[in-house]
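Visitor: File data-v9.cif follows (mmCIF, C-alpha atoms):
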data_query
#
loop_
_atom_site.group_PDB
_atom_site.id
_atom_site.type_symbol
_atom_site.label_atom_id
_atom_site.label_comp_id
_atom_site.auth_asym_id
_atom_site.auth_seq_id
_atom_site.Cartn_x
_atom_site.Cartn_y
_atom_site.Cartn_z
ATOM 1 C CA MET A 123 -26.070 159.665 44.527
ATOM 2 C CA SER A 124 -26.201 159.797 48.241
ATOM 3 C CA GLY A 125 -24.159 157.541 50.510
ATOM 4 C CA ILE A 126 -27.284 155.668 51.637
ATOM 5 C CA GLU A 127 -28.304 154.944 48.075
ATOM 6 C CA THR A 128 -24.825 153.643 47.309
ATOM 7 C CA ILE A 129 -24.928 151.282 50.306
ATOM 8 C CA LYS A 130 -28.398 150.073 49.255
ATOM 9 C CA ILE A 131 -27.086 149.236 45.777
ATOM 10 C CA ILE A 132 -24.137 147.336 47.241
ATOM 11 C CA VAL A 133 -26.371 145.431 49.713
ATOM 12 C CA ASN A 134 -28.693 144.443 46.850
ATOM 13 C CA ALA A 135 -25.706 143.276 44.791
ATOM 14 C CA GLU A 136 -24.494 141.210 47.768
ATOM 15 C CA LYS A 137 -27.998 139.725 48.113
ATOM 16 C CA GLU A 138 -28.044 138.800 44.431
ATOM 17 C CA ALA A 139 -24.584 137.289 44.685
ATOM 18 C CA ALA A 140 -25.700 135.187 47.663
ATOM 19 C CA LYS A 141 -28.729 134.071 45.671
ATOM 20 C CA ILE A 142 -26.505 133.068 42.746
ATOM 21 C CA LEU A 143 -24.287 131.016 45.085
ATOM 22 C CA GLU A 144 -27.275 129.441 46.782
ATOM 23 C CA GLU A 145 -28.703 128.441 43.401
ATOM 24 C CA ALA A 146 -25.322 126.964 42.426
ATOM 25 C CA GLN A 147 -25.207 125.007 45.687
ATOM 26 C CA ASN A 148 -28.707 123.719 45.053
ATOM 27 C CA ARG A 149 -27.786 122.660 41.536
ATOM 28 C CA ALA A 150 -24.643 120.900 42.792
ATOM 29 C CA SER A 151 -26.744 119.116 45.409
ATOM 30 C CA GLU A 152 -29.207 118.046 42.722
ATOM 31 C CA ILE A 153 -26.353 116.691 40.596
ATOM 32 C CA ARG A 154 -24.936 114.737 43.566
ATOM 33 C CA LYS A 155 -28.395 113.509 44.534
ATOM 34 C CA ARG A 156 -28.932 112.062 41.036
ATOM 35 C CA LEU A 157 -25.604 110.201 41.173
ATOM 36 C CA ASP A 158 -26.879 107.078 42.970
ATOM 37 C CA SER A 159 -29.745 106.574 40.579
ATOM 38 C CA MET A 160 -27.439 107.219 37.609
ATOM 39 C CA ILE A 161 -24.957 104.631 38.872
ATOM 40 C CA GLN A 162 -27.788 102.163 39.452
ATOM 41 C CA GLU A 163 -29.253 102.827 36.013
ATOM 42 C CA GLN A 164 -25.851 102.498 34.352
ATOM 43 C CA ARG A 165 -25.200 99.174 36.158
ATOM 44 C CA GLU A 166 -28.606 97.811 35.204
ATOM 45 C CA ASP A 167 -28.072 98.782 31.570
ATOM 46 C CA MET A 168 -24.686 97.066 31.465
ATOM 47 C CA LEU A 169 -25.933 93.947 33.219
ATOM 48 C CA ARG A 170 -29.020 93.791 30.999
ATOM 49 C CA THR A 171 -26.795 93.840 27.928
ATOM 50 C CA ALA A 172 -24.487 91.250 29.482
ATOM 51 C CA ARG A 173 -27.420 88.985 30.396
ATOM 52 C CA LYS A 174 -28.683 89.200 26.849
ATOM 53 C CA GLU A 175 -25.235 88.299 25.513
ATOM 54 C CA ALA A 176 -24.990 85.461 28.041
ATOM 55 C CA ALA A 177 -28.350 84.042 27.000
ATOM 56 C CA THR A 178 -27.294 84.198 23.355
ATOM 57 C CA LEU A 179 -24.007 82.452 24.146
ATOM 58 C CA VAL A 180 -25.749 79.611 26.022
ATOM 59 C CA GLU A 181 -28.319 79.269 23.251
ATOM 60 C CA GLU A 182 -25.527 79.167 20.659
ATOM 61 C CA GLY A 183 -23.670 76.582 22.751
ATOM 62 C CA GLU A 184 -26.780 74.456 22.851
ATOM 63 C CA GLN A 185 -27.293 74.761 19.099
ATOM 64 C CA LYS A 186 -23.631 73.982 18.401
ATOM 65 C CA GLY A 187 -23.832 71.006 20.768
ATOM 66 C CA LYS A 188 -26.940 69.726 19.002
ATOM 67 C CA ALA A 189 -25.365 70.147 15.601
ATOM 68 C CA GLU A 190 -22.092 68.464 16.610
ATOM 69 C CA ALA A 191 -23.953 65.683 18.399
ATOM 70 C CA ALA A 192 -26.131 65.101 15.344
ATOM 71 C CA ALA A 193 -23.077 64.969 13.083
ATOM 72 C CA TYR A 194 -21.334 62.606 15.500
ATOM 73 C CA GLU A 195 -24.471 60.472 15.756
ATOM 74 C CA LYS A 196 -24.710 60.147 11.993
ATOM 75 C CA GLU A 197 -21.065 59.170 11.677
ATOM 76 C CA ALA A 198 -21.150 56.790 14.650
ATOM 77 C CA GLU A 199 -24.332 55.104 13.428
ATOM 78 C CA ASN A 200 -22.681 54.512 10.121
ATOM 79 C CA ASP A 201 -19.591 53.055 11.831
ATOM 80 C CA THR A 202 -21.740 50.851 14.064
ATOM 81 C CA ARG A 203 -23.743 49.642 11.084
ATOM 82 C CA GLN A 204 -20.490 48.655 9.365
ATOM 83 C CA ILE A 205 -19.204 46.905 12.487
ATOM 84 C CA LEU A 206 -22.450 44.990 12.899
ATOM 85 C CA THR A 207 -22.630 44.050 9.208
ATOM 86 C CA ARG A 208 -19.052 42.774 9.358
ATOM 87 C CA ALA A 209 -19.862 40.899 12.582
ATOM 88 C CA SER A 210 -22.862 39.233 10.937
ATOM 89 C CA THR A 211 -20.673 37.883 8.179
ATOM 90 C CA ARG A 212 -18.258 36.476 10.785
ATOM 91 C CA LYS A 213 -20.943 34.903 12.957
ATOM 92 C CA ASP A 214 -20.524 31.401 11.594
ATOM 93 C CA GLN A 215 -16.772 31.548 12.204
ATOM 94 C CA ALA A 216 -17.414 32.630 15.803
ATOM 95 C CA VAL A 217 -19.969 29.858 16.353
ATOM 96 C CA THR A 218 -17.460 27.320 15.088
ATOM 97 C CA LYS A 219 -14.798 28.686 17.422
ATOM 98 C CA VAL A 220 -17.145 28.453 20.429
ATOM 99 C CA VAL A 221 -18.219 24.919 19.580
ATOM 100 C CA GLU A 222 -14.605 23.842 19.139
ATOM 101 C CA ALA A 223 -13.642 25.433 22.435
ATOM 102 C CA VAL A 224 -16.479 23.725 24.327
ATOM 103 C CA LEU A 225 -16.141 20.306 22.731
ATOM 104 C CA GLY A 226 -12.419 20.444 22.120
ATOM 105 C CA LEU A 227 -12.969 18.983 18.645
ATOM 106 C CA LYS A 228 -13.691 20.135 15.110
ATOM 107 C CA ALA A 229 -17.419 20.822 14.869
ATOM 108 C CA MET B 207 -19.445 153.673 34.726
ATOM 109 C CA SER B 208 -19.647 154.856 38.296
ATOM 110 C CA GLU B 209 -17.498 153.424 41.036
ATOM 111 C CA THR B 210 -20.561 151.899 42.664
ATOM 112 C CA SER B 211 -21.669 150.171 39.485
ATOM 113 C CA LYS B 212 -18.221 148.696 38.928
ATOM 114 C CA PHE B 213 -18.105 147.477 42.510
ATOM 115 C CA THR B 214 -21.496 145.723 42.298
ATOM 116 C CA GLU B 215 -20.585 144.224 38.973
ATOM 117 C CA ASP B 216 -17.408 142.795 40.501
ATOM 118 C CA ILE B 217 -19.428 141.298 43.345
ATOM 119 C CA LEU B 218 -21.825 139.633 40.918
ATOM 120 C CA SER B 219 -19.063 138.512 38.602
ATOM 121 C CA ALA B 220 -17.168 136.887 41.500
ATOM 122 C CA ALA B 221 -20.374 135.184 42.652
ATOM 123 C CA LYS B 222 -21.044 133.821 39.158
ATOM 124 C CA GLN B 223 -17.506 132.495 38.883
ATOM 125 C CA LYS B 224 -17.747 130.770 42.240
ATOM 126 C CA ALA B 225 -21.147 129.394 41.284
ATOM 127 C CA GLN B 226 -19.638 127.958 38.118
ATOM 128 C CA VAL B 227 -16.875 126.339 40.135
ATOM 129 C CA ILE B 228 -19.391 124.809 42.583
ATOM 130 C CA VAL B 229 -21.451 123.278 39.763
ATOM 131 C CA SER B 230 -18.368 122.160 37.822
ATOM 132 C CA GLU B 231 -16.929 120.445 40.876
ATOM 133 C CA ALA B 232 -20.186 118.584 41.400
ATOM 134 C CA GLU B 233 -20.223 117.571 37.735
ATOM 135 C CA VAL B 234 -16.609 116.383 37.745
ATOM 136 C CA GLU B 235 -17.161 114.503 40.984
ATOM 137 C CA THR B 236 -20.255 112.841 39.512
ATOM 138 C CA TYR B 237 -18.456 112.000 36.270
ATOM 139 C CA LYS B 238 -15.587 110.375 38.193
ATOM 140 C CA ALA B 239 -17.957 108.381 40.373
ATOM 141 C CA LEU B 240 -19.901 107.261 37.317
ATOM 142 C CA GLU B 241 -16.715 106.170 35.556
ATOM 143 C CA GLU B 242 -15.582 104.245 38.615
ATOM 144 C CA ALA B 243 -18.980 102.590 38.892
ATOM 145 C CA LYS B 244 -18.848 101.811 35.182
ATOM 146 C CA THR B 245 -15.551 99.973 35.629
ATOM 147 C CA HIS B 246 -17.016 97.979 38.494
ATOM 148 C CA SER B 247 -20.233 97.161 36.620
ATOM 149 C CA GLY B 248 -18.173 96.312 33.563
ATOM 150 C CA ARG B 249 -16.311 93.711 35.588
ATOM 151 C CA GLU B 250 -19.613 92.304 36.828
ATOM 152 C CA ALA B 251 -20.912 92.137 33.264
ATOM 153 C CA GLU B 252 -17.677 90.500 32.060
ATOM 154 C CA ASP B 253 -17.957 87.876 34.810
ATOM 155 C CA LEU B 254 -21.519 87.199 33.784
ATOM 156 C CA VAL B 255 -20.603 86.767 30.114
ATOM 157 C CA SER B 256 -17.557 84.734 31.012
ATOM 158 C CA SER B 257 -19.694 82.357 33.128
ATOM 159 C CA ALA B 258 -22.155 82.094 30.271
ATOM 160 C CA ARG B 259 -19.331 81.264 27.876
ATOM 161 C CA ALA B 260 -18.201 78.462 30.212
ATOM 162 C CA GLU B 261 -21.789 77.283 30.605
ATOM 163 C CA ALA B 262 -22.269 77.307 26.827
ATOM 164 C CA GLU B 263 -19.127 75.204 26.413
ATOM 165 C CA GLY B 264 -20.399 72.871 29.133
ATOM 166 C CA VAL B 265 -23.810 72.565 27.491
ATOM 167 C CA LYS B 266 -22.149 71.800 24.159
ATOM 168 C CA ARG B 267 -19.811 69.208 25.655
ATOM 169 C CA ARG B 268 -22.608 67.631 27.691
ATOM 170 C CA GLN B 269 -24.774 67.180 24.605
ATOM 171 C CA ILE B 270 -21.948 65.550 22.678
ATOM 172 C CA SER B 271 -20.981 63.416 25.641
ATOM 173 C CA GLU B 272 -24.584 62.267 26.224
ATOM 174 C CA THR B 273 -24.910 61.369 22.557
ATOM 175 C CA ARG B 274 -21.631 59.453 22.637
ATOM 176 C CA HIS B 275 -22.723 57.602 25.762
ATOM 177 C CA LYS B 276 -26.141 56.799 24.282
ATOM 178 C CA LEU B 277 -24.590 55.508 21.055
ATOM 179 C CA LYS B 278 -21.978 53.491 22.945
ATOM 180 C CA ILE B 279 -24.756 51.783 24.903
ATOM 181 C CA GLN B 280 -26.737 51.150 21.710
ATOM 182 C CA GLU B 281 -23.636 49.663 20.101
ATOM 183 C CA GLN B 282 -22.999 47.457 23.133
ATOM 184 C CA VAL B 283 -26.611 46.266 23.098
ATOM 185 C CA GLU B 284 -26.326 45.362 19.412
ATOM 186 C CA LYS B 285 -22.991 43.624 19.975
ATOM 187 C CA SER B 286 -24.419 41.698 22.943
ATOM 188 C CA LYS B 287 -27.337 40.601 20.769
ATOM 189 C CA ILE B 288 -24.963 39.198 18.167
ATOM 190 C CA LEU B 289 -22.807 37.532 20.841
ATOM 191 C CA ASN B 290 -25.867 35.948 22.410
ATOM 192 C CA GLU B 291 -26.987 34.737 18.992
ATOM 193 C CA VAL B 292 -23.542 33.195 18.531
ATOM 194 C CA LEU B 293 -23.768 31.423 21.888
ATOM 195 C CA GLU B 294 -27.295 30.257 21.097
ATOM 196 C CA GLN B 295 -26.257 28.911 17.694
ATOM 197 C CA ALA B 296 -23.211 27.284 19.268
ATOM 198 C CA ARG B 297 -25.491 25.546 21.798
ATOM 199 C CA LYS B 298 -27.661 24.283 18.949
ATOM 200 C CA ARG B 299 -24.642 23.051 17.044
ATOM 201 C CA ILE B 300 -23.331 21.329 20.174
ATOM 202 C CA MET B 301 -26.706 19.645 20.548
ATOM 203 C CA ASP B 302 -26.433 18.517 16.922
ATOM 204 C CA VAL B 303 -23.071 16.972 17.763
ATOM 205 C CA VAL B 304 -24.611 15.275 20.812
ATOM 206 C CA LYS B 305 -27.320 13.805 18.568
ATOM 207 C CA ASP B 306 -24.712 12.526 16.125
ATOM 208 C CA GLU B 307 -23.535 9.332 17.829
ATOM 209 C CA GLY B 308 -20.640 8.942 15.409
ATOM 210 C CA LYS B 309 -19.121 12.171 16.690
ATOM 211 C CA TYR B 310 -20.450 12.245 20.209
ATOM 212 C CA THR B 311 -19.576 8.736 21.453
ATOM 213 C CA PRO B 312 -15.798 9.100 20.949
ATOM 214 C CA TYR B 313 -16.023 12.578 22.435
ATOM 215 C CA LEU B 314 -17.804 11.260 25.530
ATOM 216 C CA ALA B 315 -15.294 8.414 25.792
ATOM 217 C CA ASP B 316 -12.471 10.992 25.793
ATOM 218 C CA LEU B 317 -14.222 13.029 28.465
ATOM 219 C CA VAL B 318 -14.687 9.996 30.695
ATOM 220 C CA GLU B 319 -11.116 8.811 30.044
ATOM 221 C CA ASN B 320 -9.710 12.231 30.978
ATOM 222 C CA GLY B 321 -11.886 12.314 34.075
ATOM 223 C CA VAL B 322 -10.772 8.868 35.177
ATOM 224 C CA ARG B 323 -7.134 9.824 34.542
ATOM 225 C CA GLU B 324 -7.551 13.003 36.518
ATOM 226 C CA ILE B 325 -9.307 11.404 39.495
ATOM 227 C CA GLY B 326 -6.596 8.687 39.594
ATOM 228 C CA LEU B 327 -8.671 6.024 41.371
ATOM 229 C CA GLU B 328 -9.094 2.370 40.482
ATOM 230 C CA THR B 329 -12.847 2.464 40.895
ATOM 231 C CA VAL B 330 -14.851 5.435 39.754
ATOM 232 C CA VAL B 331 -18.502 6.286 39.319
ATOM 233 C CA VAL B 332 -19.576 7.815 36.016
ATOM 234 C CA HIS B 333 -22.803 9.801 35.854
ATOM 235 C CA LEU B 334 -24.509 10.324 32.497
ATOM 236 C CA ASN B 335 -27.791 11.817 31.361
ATOM 237 C CA GLY B 336 -30.790 9.550 30.637
ATOM 238 C CA THR B 337 -30.277 9.422 26.856
ATOM 239 C CA ASP B 338 -26.590 8.515 27.118
ATOM 240 C CA LEU B 339 -27.285 5.891 29.765
ATOM 241 C CA LYS B 340 -29.582 4.177 27.273
ATOM 242 C CA ARG B 341 -27.550 4.508 24.079
ATOM 243 C CA ILE B 342 -23.909 4.190 25.162
ATOM 244 C CA ASP B 343 -22.295 0.793 25.039
ATOM 245 C CA ARG B 344 -20.867 1.092 28.516
ATOM 246 C CA VAL B 345 -19.021 -2.219 28.516
ATOM 247 C CA LYS B 346 -17.177 -1.261 25.319
ATOM 248 C CA MET B 347 -16.416 2.192 26.628
ATOM 249 C CA GLU B 348 -15.026 0.799 29.903
ATOM 250 C CA ARG B 349 -12.860 -1.663 27.990
ATOM 251 C CA ASP B 350 -11.607 1.020 25.574
ATOM 252 C CA ILE B 351 -10.789 3.406 28.407
ATOM 253 C CA GLY B 352 -8.915 0.663 30.283
ATOM 254 C CA LYS B 353 -6.859 0.023 27.156
ATOM 255 C CA LYS B 354 -6.071 3.671 26.664
ATOM 256 C CA LEU B 355 -5.058 4.139 30.278
ATOM 257 C CA ASP B 356 -3.108 0.903 30.230
ATOM 258 C CA ARG B 357 -4.399 -0.127 33.633
ATOM 259 C CA THR B 358 -7.420 -1.807 35.120
ATOM 260 C CA VAL B 359 -10.238 0.553 35.818
ATOM 261 C CA LYS B 360 -13.523 -0.334 37.337
ATOM 262 C CA ILE B 361 -16.287 1.960 36.251
ATOM 263 C CA GLU B 362 -19.547 1.960 38.103
ATOM 264 C CA TRP B 363 -22.226 3.551 35.948
ATOM 265 C CA SER B 364 -24.612 5.512 38.101
ATOM 266 C CA LYS B 365 -28.192 4.454 37.438
ATOM 267 C CA GLU B 366 -29.432 7.888 38.437
ATOM 268 C CA PRO B 367 -29.423 10.035 35.289
ATOM 269 C CA ILE B 368 -28.060 13.562 35.673
ATOM 270 C CA GLU B 369 -29.665 16.689 34.247
ATOM 271 C CA THR B 370 -27.348 17.761 31.458
ATOM 272 C CA ALA B 371 -27.295 18.084 27.686
ATOM 273 C CA GLY B 372 -24.304 15.773 27.469
ATOM 274 C CA GLY B 373 -20.951 14.903 28.907
ATOM 275 C CA ALA B 374 -20.336 13.178 32.215
ATOM 276 C CA VAL B 375 -19.567 13.574 35.895
ATOM 277 C CA ILE B 376 -16.797 11.304 37.134
ATOM 278 C CA SER B 377 -16.659 10.823 40.872
ATOM 279 C CA SER B 378 -15.078 8.709 43.575
ATOM 280 C CA THR B 379 -17.334 5.984 44.988
ATOM 281 C CA ASP B 380 -17.971 8.031 48.109
ATOM 282 C CA GLY B 381 -18.846 11.034 45.931
ATOM 283 C CA ARG B 382 -16.367 13.297 47.710
ATOM 284 C CA THR B 383 -14.218 13.866 44.659
ATOM 285 C CA ARG B 384 -15.933 14.914 41.454
ATOM 286 C CA ILE B 385 -14.766 15.844 38.009
ATOM 287 C CA MET B 386 -17.459 17.873 36.287
ATOM 288 C CA SER B 387 -17.267 17.290 32.543
ATOM 289 C CA THR B 388 -20.796 18.037 31.459
ATOM 290 C CA LEU B 389 -21.377 20.241 28.428
ATOM 291 C CA ASP B 390 -23.454 22.651 30.482
ATOM 292 C CA GLN B 391 -20.657 23.036 32.991
ATOM 293 C CA ARG B 392 -18.082 23.515 30.242
ATOM 294 C CA LEU B 393 -20.247 26.149 28.586
ATOM 295 C CA ASP B 394 -20.769 27.969 31.892
ATOM 296 C CA ALA B 395 -17.107 27.751 32.849
ATOM 297 C CA LEU B 396 -15.913 28.915 29.466
ATOM 298 C CA GLU B 397 -18.628 31.483 28.795
ATOM 299 C CA SER B 398 -16.676 34.625 29.657
ATOM 300 C CA LYS B 399 -13.630 33.355 27.745
ATOM 301 C CA LEU B 400 -15.833 32.322 24.840
ATOM 302 C CA LEU B 401 -17.446 35.746 24.730
ATOM 303 C CA VAL B 402 -14.018 37.372 24.525
ATOM 304 C CA GLU B 403 -12.874 34.980 21.785
ATOM 305 C CA ALA B 404 -16.089 35.326 19.819
ATOM 306 C CA GLY B 405 -15.938 39.111 20.290
ATOM 307 C CA LYS B 406 -12.444 39.210 18.809
ATOM 308 C CA ILE B 407 -13.629 37.300 15.727
ATOM 309 C CA LEU B 408 -16.827 39.304 15.351
ATOM 310 C CA PHE B 409 -15.668 42.803 16.146
ATOM 311 C CA GLY B 410 -11.901 42.672 15.621
ATOM 312 C CA GLN B 411 -10.335 44.457 12.690
#
Go through the file and emit its structure as structure tokens.

Guide:
Amino acid sequence: MSGIETIKIIVNAEKEAAKILEEAQNRASEIRKRLDSMIQEQREDMLRTARKEAATLVEEGEQKGKAEAAAYEKEAENDTRQILTRASTRKDQAVTKVVEAVLGLKA
Amino acid sequence: MSETSKFTEDILSAAKQKAQVIVSEAEVETYKALEEAKTHSGREAEDLVSSARAEAEGVKRRQISETRHKLKIQEQVEKSKILNEVLEQARKRIMDVVKDEGKYTPYLADLVENGVREIGLETVVVHLNGTDLKRIDRVKMERDIGKKLDRTVKIEWSKEPIETAGGAVISSTDGRTRIMSTLDQRLDALESKLLVEAGKILFGQ
């Protein structure tokens, strides 16, 4: 092999090496370029999941509130009914007390 | 292998290695940035869920609190109804007493006597409603009151009937001093106290 041929082979190898490096640089640039959209996509995914969980939590809170309120209502209505029934039986006693207080005598 | 071939192979091999490093660095850099962003977004997501948890608790509490408030008002309305019925029945019973002369006349005499005692004058004016003016034996009542007070009292019976269910207004002759002893006035004056007393009987344990 002549000296010129040897140099040609080396120059070609250098050219190929440069091409390999250029391709690697391009690939690295592509990777870096995709980073912003990946971060954005990742954030949106996480927030979407969180929003879904948040909506479920609020919905559950509302359902729990309704259930507890209904239970409380039932119990309180029962208590009130008892109070009012007892009050009805004591009405005459209360009327007598009022009359006595106003007239200052036994009614 | 010739020297030239080995040399070119070395060149290419070095280029490939460097290329690998370039790509790997970009990948590691991207991975780190993604992880950092993930931590940040994770905090955002946690805040969101945490706010929702607080909101859910608030919604739950609000519903219970609104129900409690609504029921408390309903209970108060029902209690007020019963209290008003008591007052209404008491008024009716008082009117029954007023109609019963046997009970009412001595009661009226006591009211007038107390009024005269309180006003402390020798001559007083007593105002009654139209029915009492007609049915009360005023001469007897004046005499009885004088006896009870153990002093001479001159009662002038006002001819102008007053608007009241019963009872009397005792005043000085110039009308500047007045003792209000009408049933209406007593009911009005005592109403808040009566409501408390009646409430204790009705709704106490």

Visitor: At a cut-off of 7 Å, list the chain B residues touching chain A, using all atoms listed in the file, as a PyMOL selection string.

Guide: chain B and resi 210+214+217-218+221-222+225+228-229+232-233+236+240+243-244+247-248+251+254-255+258-259+261-263+265-267+269-270+273+281+292-293+295-296+300+392-393+400+404+407-409

Visitor: Would you work out the distance separating CA of Thr370 (chain B) from CA of Lys298 (chain B), expressed in Å to one decimal?

Guide: 14.1 Å

Visitor: Near Leu314 (chain B), within 12 Å and counting only C-alpha atoms, which residues show up once chain neighbours fewer than 3 positions away are dropped, as a PDB file with C-alpha atoms, in the frame of the given file?

Guide:
ATOM      1  CA  LEU A 225     -16.141  20.306  22.731  1.00  0.00           C
ATOM      2  CA  GLY A 226     -12.419  20.444  22.120  1.00  0.00           C
ATOM      3  CA  LEU A 227     -12.969  18.983  18.645  1.00  0.00           C
TER       4      LEU A 227
ATOM      5  CA  VAL B 303     -23.071  16.972  17.763  1.00  0.00           C
ATOM      6  CA  VAL B 304     -24.611  15.275  20.812  1.00  0.00           C
ATOM      7  CA  ASP B 306     -24.712  12.526  16.125  1.00  0.00           C
ATOM      8  CA  GLU B 307     -23.535   9.332  17.829  1.00  0.00           C
ATOM      9  CA  GLY B 308     -20.640   8.942  15.409  1.00  0.00           C
ATOM     10  CA  LYS B 309     -19.121  12.171  16.690  1.00  0.00           C
ATOM     11  CA  TYR B 310     -20.450  12.245  20.209  1.00  0.00           C
ATOM     12  CA  THR B 311     -19.576   8.736  21.453  1.00  0.00           C
ATOM     13  CA  LEU B 317     -14.222  13.029  28.465  1.00  0.00           C
ATOM     14  CA  VAL B 318     -14.687   9.996  30.695  1.00  0.00           C
ATOM     15  CA  GLU B 319     -11.116   8.811  30.044  1.00  0.00           C
ATOM     16  CA  ASN B 320      -9.710  12.231  30.978  1.00  0.00           C
ATOM     17  CA  GLY B 321     -11.886  12.314  34.075  1.00  0.00           C
ATOM     18  CA  VAL B 332     -19.576   7.815  36.016  1.00  0.00           C
ATOM     19  CA  HIS B 333     -22.803   9.801  35.854  1.00  0.00           C
ATOM     20  CA  LEU B 334     -24.509  10.324  32.497  1.00  0.00           C
ATOM     21  CA  ASN B 335     -27.791  11.817  31.361  1.00  0.00           C
ATOM     22  CA  ASP B 338     -26.590   8.515  27.118  1.00  0.00           C
ATOM     23  CA  LEU B 339     -27.285   5.891  29.765  1.00  0.00           C
ATOM     24  CA  ARG B 341     -27.550   4.508  24.079  1.00  0.00           C
ATOM     25  CA  ILE B 342     -23.909   4.190  25.162  1.00  0.00           C
ATOM     26  CA  ASP B 343     -22.295   0.793  25.039  1.00  0.00           C
ATOM     27  CA  ARG B 344     -20.867   1.092  28.516  1.00  0.00           C
ATOM     28  CA  MET B 347     -16.416   2.192  26.628  1.00  0.00           C
ATOM     29  CA  GLU B 348     -15.026   0.799  29.903  1.00  0.00           C
ATOM     30  CA  ASP B 350     -11.607   1.020  25.574  1.00  0.00           C
ATOM     31  CA  ILE B 351     -10.789   3.406  28.407  1.00  0.00           C
ATOM     32  CA  ALA B 371     -27.295  18.084  27.686  1.00  0.00           C
ATOM     33  CA  GLY B 372     -24.304  15.773  27.469  1.00  0.00           C
ATOM     34  CA  GLY B 373     -20.951  14.903  28.907  1.00  0.00           C
ATOM     35  CA  ALA B 374     -20.336  13.178  32.215  1.00  0.00           C
ATOM     36  CA  VAL B 375     -19.567  13.574  35.895  1.00  0.00           C
ATOM     37  CA  ILE B 376     -16.797  11.304  37.134  1.00  0.00           C
ATOM     38  CA  SER B 387     -17.267  17.290  32.543  1.00  0.00           C
ATOM     39  CA  THR B 388     -20.796  18.037  31.459  1.00  0.00           C
ATOM     40  CA  LEU B 389     -21.377  20.241  28.428  1.00  0.00           C
TER      41      LEU B 389
END

Visitor: Interatomic distance between CA of Asn290 (chain B) and CA of Leu401 (chain B)?

Guide: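 For CA of Asn290 (chain B) relative to CA of Leu401 (chain B), the distance reads 8.7 Å.
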
Visitor: Mind writing region 241-253 of chain B to a file for me, with N, CA and C atoms, as an mmCIF file, in the first residue's frame?

Guide:
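Saved file selection-v1.cif follows:
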data_model
loop_
_atom_site.group_PDB
_atom_site.id
_atom_site.type_symbol
_atom_site.label_atom_id
_atom_site.label_comp_id
_atom_site.auth_asym_id
_atom_site.auth_seq_id
_atom_site.Cartn_x
_atom_site.Cartn_y
_atom_site.Cartn_z
ATOM 1 N N GLU B 241 -36.238 13.598 37.675
ATOM 2 C CA GLU B 241 -36.439 13.227 39.076
ATOM 3 C C GLU B 241 -36.692 14.461 39.939
ATOM 4 N N GLU B 242 -35.926 15.500 39.661
ATOM 5 C CA GLU B 242 -36.087 16.753 40.416
ATOM 6 C C GLU B 242 -37.481 17.333 40.178
ATOM 7 N N ALA B 243 -37.872 17.316 38.894
ATOM 8 C CA ALA B 243 -39.198 17.830 38.538
ATOM 9 C C ALA B 243 -40.293 16.975 39.172
ATOM 10 N N LYS B 244 -40.007 15.671 39.259
ATOM 11 C CA LYS B 244 -40.994 14.757 39.853
ATOM 12 C C LYS B 244 -41.220 15.106 41.324
ATOM 13 N N THR B 245 -40.117 15.397 42.020
ATOM 14 C CA THR B 245 -40.221 15.770 43.434
ATOM 15 C C THR B 245 -41.072 17.036 43.573
ATOM 16 N N HIS B 246 -40.794 17.986 42.722
ATOM 17 C CA HIS B 246 -41.522 19.261 42.761
ATOM 18 C C HIS B 246 -43.005 19.052 42.458
ATOM 19 N N SER B 247 -43.273 18.287 41.388
ATOM 20 C CA SER B 247 -44.678 18.026 41.016
ATOM 21 C C SER B 247 -45.374 17.201 42.089
ATOM 22 N N GLY B 248 -44.608 16.309 42.707
ATOM 23 C CA GLY B 248 -45.155 15.495 43.785
ATOM 24 C C GLY B 248 -45.629 16.363 44.935
ATOM 25 N N ARG B 249 -44.837 17.405 45.232
ATOM 26 C CA ARG B 249 -45.227 18.320 46.303
ATOM 27 C C ARG B 249 -46.514 19.068 45.924
ATOM 28 N N GLU B 250 -46.553 19.478 44.655
ATOM 29 C CA GLU B 250 -47.761 20.170 44.164
ATOM 30 C C GLU B 250 -48.989 19.272 44.306
ATOM 31 N N ALA B 251 -48.801 18.013 43.900
ATOM 32 C CA ALA B 251 -49.909 17.045 43.956
ATOM 33 C C ALA B 251 -50.320 16.797 45.405
ATOM 34 N N GLU B 252 -49.317 16.682 46.296
ATOM 35 C CA GLU B 252 -49.608 16.472 47.722
ATOM 36 C C GLU B 252 -50.407 17.638 48.292
ATOM 37 N N ASP B 253 -49.986 18.864 47.908
ATOM 38 C CA ASP B 253 -50.707 20.062 48.375
ATOM 39 C C ASP B 253 -52.160 20.017 47.914
#
